[in-house]
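Asks: Quick one: the structure is below, questions incoming.
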Amino acid sequence: MVGETLFERYAKHIVVVMVALLVLLPVYWMVNMSVKGRSEFIARPPTLVVQQPTTENYYDLLVTQRFYLRGINSLIVAIIAATIAVTVGTLAAYALARFRLPKNFNYHLLFTILTVRMFPPIVTVIPLFAFYNREILGYKLYDTQLGLGLIHGFMELPLVLWMMIGFFRDIPRDMEEAALVDGDSRLAVLRKIAIPLAAPGLAATFILVFIASWNEFLLALILTGSRAQTLPIAIAGQIAQYDVKWGNMMAAGVITTVPVLVLALLTQRFLTRGLALGGVTG
Amino acid sequence: MNARTFRFGSHLEGQSAPVSFQQVAKRFGVVTAVDDLNLDVENGEMLVLLGPSGCGKTTSLRMLAGLESISEGTIRIGETVVNTLPPRARDIAMVFQSYALYSHLTVYENLAYPLRVRKLAKAEIDRRVRDVADVVQIGELLGRKPRELSGGQRQRVALGRAIIRRPAVFLMDEPLSNLDAKLRQHTRGELKRFQRELATTTIYVTHDQAEAMTLADRVAIMDRGVLQQLGPPREVYAKPASVFVAGFLGSPPMNLLNARVTSVAGAPALEIAGTAIQVSGGLAARLATLPAEQNEVILGVRPEEVLIRRDRDPGSVPGEVFVVEDLGNERLVTLDLGGQFAVARVAADYPAEMGENLCFGFDPGRAHLFDPVSNRRLDGTR
């Protein structure tokens, strides 16, 4: 910028570096601790950079505890949750974005759905636990990937709805009306026009639900036992009756973070790309 | 565009059809957007719906397209009542003001869209896309996305997408309003040729009177949801049915002056801004036929029919030149007639100065009379 003083020029860089440090320090510490042996872990003062790196924590987790099985559970649950939430939420969002109900009912519906996020999940956990332990058609939802995925999807539905309504509202109405006149039904318009144009938003929403489910603790704790246990519960499981396996816990943290990080990095460009609506403006 | 090379051959899937609005109304809550619209559009005709924004012209078009529900009345395309049919069942094609091109598809896919929806064979689609692309001269752009096109090119794609299928009716919602002035005039001409060659019923919405006059077989002028006048452009221009139509058509619009009906020496006369003027010929005869209680009238004179006089005669009103505007090929002289203003269109070399005293005269045979209460035209003849 013209007329900047030296301080003004560098001030923003200094702030950026400070914020980055603040955010990244705990991550660094987690990685640092995960490769420390037991003796170095409890050293006073703590070593800022690991002196004798070891893989024993990872070995114990992955080989002895077969931690990756929990990862597979988490993956399946998160995919089920994201798929359900995005499918149902997108259809609902499109309807609410495009059809006006009388007496401002659109808004009331949206608000009612949002209330799902307002009460603490602990309130619903006990009845859900009872419900999930009931046999329905010879099948129990308790301790299943589907069961947990369903409830995660349901909990994230308001998020999907509110996000997708925004994306759908950004699509010019004319474009959809042109498709209607050209011979499409409403559903075909949704499939051929609205969803392709909202695809970046759809992907972003999918990933947000995926991450929320991946990290969710309370419902996963109560509604799963041993078979469908997810990563956050397994991390907490490192706290045993007489011992807290801090090294394992840090390694588990790393293992849990990496897949989400990779996912986010892979889709970063897609996620940040704005909606390209070139039919109307430049 | 060379419409002559455009052949649908044996692939006519639809025939042009007439359109009829019968007592059609549209209400949004307490607001009436269109009121008691009765309009018959003949087969193959180009009808232009003209009016200022908010006059109900676009709403009427959208009701015909099926994009807006109909509150009252009946709309027919051909013999079919289409009130409850979805847009896809109405056999129409529409060009939107924004063009509404599918931004995630290429030009080729945009053109092919209406055909693919109807599940035509691939080879047939390809042939017709290339045909139409030739006609609207976008053959070299088929692989591009809409955002890589100029405004004029987008407009051509939108037009191509409409004509690729031969519908019963074309609907055009201000298709030229996003083009710059030069391109707009050029495209206007092409559009007219096109419509004549295809001979498909076309309903064209615009607020631009020049477009309406040049394109229309008949113009329907609307104001505040009500159809004001329907007729060929020249007739509507020559015999405006109401003060609104008189003031809306023409640039600059018709001068509308409040006048009192009086008499001078037994002969009918008009009093404008306190000056009684003698009228003769047709205008005198028309004034004579007015009912006795008609004391006030609105006198309408087109700017090109104003006769400016240097010296006052019994048929003119004295005034002062308020402003002179040079347009290059002509001048517009605005006269202040004691608080009422009148514009005269005169030759470019006509001498007139601001503040100069000139008189406003007119050809009584070419003047219009309106009723100040009902705002309707006062006589059936000129």
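Chain labels follow the order of the structure tokens: the first chain is A, the next B, and so on; residue numbering restarts at 1 in every chain, and ligands are counted from 1 in their shown order.
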Write out as a list in words each polymer residue whose atoms come within 10 Å of Arg173 in chain A, counting only C-alpha atoms; drop sequence neighbours fewer than 6 positions from it.
Replies: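 Skipping anything fewer than 6 positions along the chain leaves Arg98 and Ala194 of chain A; Ala100 of chain B.
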Asks: Could the residues of chain B within 6 Å of chain A, counting only C-alpha atoms, be given as a CSV table (one decimal) with C-alpha atoms, in the first residue's frame, please?
Replies:
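Saved file part-v2.csv follows:
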```
chain,number,residue,atom,x,y,z
B,87,PRO,CA,-44.0,-25.2,-17.9
B,88,ARG,CA,-42.6,-28.3,-19.6
B,98,SER,CA,-30.4,-12.4,-17.8
B,100,ALA,CA,-30.1,-17.7,-17.8
B,101,LEU,CA,-27.5,-19.8,-19.5
B,103,SER,CA,-23.2,-21.7,-16.4
B,114,PRO,CA,-33.9,-28.9,-24.5
B,146,PRO,CA,-20.9,-19.0,-20.7
B,147,ARG,CA,-18.6,-17.0,-18.5
```
Asks: Please identify which residues in range 96-328 of chain B DSSP calls alpha helix (DSSP H) from the backbone, and express them as a PyMOL selection string.
Replies: chain B and resi 107-117+122-135+151-163+181-198+209-215+233-238+243-248+281-289
Asks: Compile the contact shell of Ala267 in chain B as a short mmCIF file (atom, residue, chain, number, x, y, z; two decimals) with N, CA and C atoms, in the first residue's frame: residues with an atom at most 12 Å away, counting only C-alpha atoms, same-chain residues fewer than 5 positions apart removed.
Replies:
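Everything below was put into part_22.cif:
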```
data_model
loop_
_atom_site.label_atom_id
_atom_site.label_comp_id
_atom_site.auth_asym_id
_atom_site.auth_seq_id
_atom_site.Cartn_x
_atom_site.Cartn_y
_atom_site.Cartn_z
N VAL B 261 -62.27 24.59 -22.04
CA VAL B 261 -63.07 24.77 -23.24
C VAL B 261 -63.85 26.07 -23.08
N THR B 262 -63.73 26.92 -24.03
CA THR B 262 -64.41 28.21 -23.93
C THR B 262 -64.88 28.61 -25.34
N ALA B 276 -56.77 32.55 -24.39
CA ALA B 276 -57.77 31.86 -25.22
C ALA B 276 -57.26 31.83 -26.64
N ILE B 277 -57.31 30.65 -27.24
CA ILE B 277 -56.85 30.57 -28.63
C ILE B 277 -57.97 30.05 -29.50
N GLN B 278 -58.02 30.58 -30.68
CA GLN B 278 -59.02 30.12 -31.64
C GLN B 278 -58.56 28.79 -32.22
N VAL B 279 -59.51 27.91 -32.39
CA VAL B 279 -59.17 26.66 -33.05
C VAL B 279 -59.99 26.55 -34.30
N SER B 280 -59.48 25.82 -35.24
CA SER B 280 -60.18 25.73 -36.51
C SER B 280 -60.24 24.27 -36.94
N GLY B 281 -60.86 24.05 -38.06
CA GLY B 281 -60.85 22.74 -38.71
C GLY B 281 -61.39 21.64 -37.82
N LEU B 283 -60.35 20.19 -35.13
CA LEU B 283 -60.35 20.35 -33.68
C LEU B 283 -61.59 21.13 -33.23
N ALA B 284 -61.96 22.14 -34.01
CA ALA B 284 -63.14 22.93 -33.69
C ALA B 284 -64.38 22.05 -33.74
N ALA B 285 -64.43 21.20 -34.74
CA ALA B 285 -65.57 20.30 -34.89
C ALA B 285 -65.64 19.35 -33.70
N LEU B 287 -64.40 19.81 -30.69
CA LEU B 287 -64.77 20.54 -29.47
C LEU B 287 -66.28 20.77 -29.44
N ALA B 288 -66.84 21.01 -30.61
CA ALA B 288 -68.27 21.28 -30.70
C ALA B 288 -69.09 20.06 -30.29
#
```
Asks: What lies within 8 Å of Ala234 in chain A using only C-alpha atoms, ignoring chain neighbours under 4 positions off, as a list in words?
Replies: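 In the requested form, the answer reads Phe67, Arg70, Gln229, Thr230 and Gln238 of chain A.
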Asks: Using C-alpha atoms, can you export the residues from the last selection as a PDB file, in the first residue's frame?
Replies:
```
ATOM      1  CA  PHE A  67      -6.257 -49.115  17.143  1.00  0.00           C
ATOM      2  CA  ARG A  70     -11.472 -48.049  15.759  1.00  0.00           C
ATOM      3  CA  GLN A 229     -16.256 -48.012  19.226  1.00  0.00           C
ATOM      4  CA  THR A 230     -14.836 -44.918  17.514  1.00  0.00           C
ATOM      5  CA  GLN A 238      -5.889 -44.912  27.310  1.00  0.00           C
TER       6      GLN A 238
END
```
Asks: Please return as a list in words: the residues of range 143-247 of chain B that backbone DSSP assigns to strand (DSSP E).
Replies: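 Written out, the strand (DSSP E) residues of range 143-247 of chain B are Val169, Phe170, Leu171, Met172, Asp173, Thr201, Thr202, Ile203, Tyr204, Val205, Thr206, Arg218, Val219, Ala220, Ile221, Met222, Asp223, Val226, Leu227, Gln228, Gln229, Leu230 and Gly231 of chain B.
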